[in-house]
Amino acid sequence: MRMRIKAVVVCTICILSVVLSQIAVFGMEFSDVPITATYYKAVNQLSNDGIIQGRGDGKFGPRDKTTRAEFCAFVARANNYNENYYTASGTPFTDVARDSWAQGYISYCYENGYVNGMTETSFSPNDNVTAEQAIKVVVCASGLGDDSLSKVGPMWYSGYVDVAKRSGLLDGGIYTIGLPATRAFVAQIVYNSMLIKGESQATGTDAVDVSGNRLSSGTTVAVVDDGSVTNVYEPENIWEPDDAEALEREYYQKVQYYGEDYEKYIKEEENSNNYTVADTNEEYEYVPIGSSEGMLVVIDPGHNNSGVDTGATGNGLREQDITFYIAEKLKPLLERNGFRVIMTRNSVKENVSTESVSASLARRADIANRNGADLFVSIHCNAGGGTGTETYYCTGSSDGKVFATFIQEGMLDAVGLRNRGVKNARYAVLRNTNMTAALLETGFIDSANDAKYLGSEEYQQAFAEGIAKGICNYVGIEYQ
Ligand SMILES: [Zn+2]
């Protein structure tokens, strides 16, 4: 019955469109989903099937984000969820209320192994679903893979993305790992998964380009704000992270989401995938200095109190506070061991720069460079779904690698969170400092487990001691 009513509505709009506009001869259900959009078929099919709905004003909102709860509803409906026959058995998530509209959907997806929580007891239903989370869920819901595809580390999703690419799940989808999935992308992958499962056939007119030529499946088009098409790419130019157009789109999407506020963009860079795990078992030529006399260590408590370059948050904690508390405990330990110490922030309320994220990061490196520091440590907390400790050095720096390895070992000995390894990346503070430098991610502030340690004064002290021991070991002196 529902479909019939929908069909009538579509027809009425078709007729109106023909009458009102010579251009809109193809008709469209949503005014912001042009027939030339790659996701046109997906959106209209799912809408007709009652899986995904518009915004209620004749628009679909293809560039809007989707919460994790809404996404569960789409996936559940696309996978035979029927509210009349399904009795939710509940979830372990304390943030999904029993009387919440989404409880049934989330429970259904959880029971069927499509979703996990952010932690064992939380689901974050109102957070936006990210591209990689959406891909993982749809891979699982399509029967293309399961949790065994999860990888350890920040690129936990790479197995799912590989499978999704190979199976055509991402065809026609525009997405950026680490960013919220758009409704257009969500519709595309849910639709693709239904095609893969053979439960739905594409219907309607094939998409056409601005010249009226038919577009084959997988063609990518760029869409500007008002939904009109600016460019039609050749079918072989399907999204690949390495191609220039894709990078341009990625940049464009970031600006769309973050506007002039690059804070989150830089945060994302900090959590970016551009690292490699160092082989710390390999032999290296390394002669310790043997004395801390005259050595200057610059400690950088990551992030600012407020404004720009603020840190991650989670479990009632703010990264910028935790990094400072660890740093202020580290300072006297290093001084006791004969080092001179300068901090880039001298109080928990201080901002290194209020100008911009890049200025804030540049100034930290500048403080170390101008003072002729011998060693630089930038203290951070991780975020983004994970657990454990990791330490970074600047790609290509062999001293940095040794330094980072000692610090990593020091933190593991002192606190004992999971070992995520020593990694290299070209983070701003690492590449812009002239001396041996390390950036350490003590633990995940958004992990309930890690946050217990990060928020504890006792363990902040333990982190500081671990870092201080690591620095002493690197220099080749006995920690006092
Ligand atoms: Zn940080």
# chains A, B, ... in the order shown; residues from 1 in each chain; ligands from 1
call {"tool": "residues_near_ligand", "arguments": {"ligand": "ligand 1", "cutoff": "10 Å", "atoms": "only C-alpha atoms and all ligand atoms", "output": "ChimeraX atom specification"}}
result
/A:266-268,270-271,301-304,309-313,319-320,323,378-383,439-442,445
call {"tool": "residues_around", "arguments": {"residues": "Met435 of chain A", "least_positions_apart": "2", "cutoff": "7 Å", "atoms": "only C-alpha atoms", "output": "PyMOL selection string"}}
result
chain A and resi 373-376+433+437
call {"tool": "select_by_dssp", "arguments": {"residues": "segment 297-391 of chain A", "states": "alpha helix (DSSP H)", "output": "number ranges by chain"}}
result
A: 319-336, 357-370
call {"tool": "closest_residue", "arguments": {"among": "A:Glu458, A:Glu355, A:Asp450, A:Asp399", "to": "Gly416 of chain A", "atoms": "only C-alpha atoms"}}
result
A:Asp450
call {"tool": "closest_residue", "arguments": {"among": "A:Glu350, A:Glu457, A:Glu29, A:Asp446", "to": "Leu46 of chain A", "atoms": "only C-alpha atoms"}}
result
A:Glu29
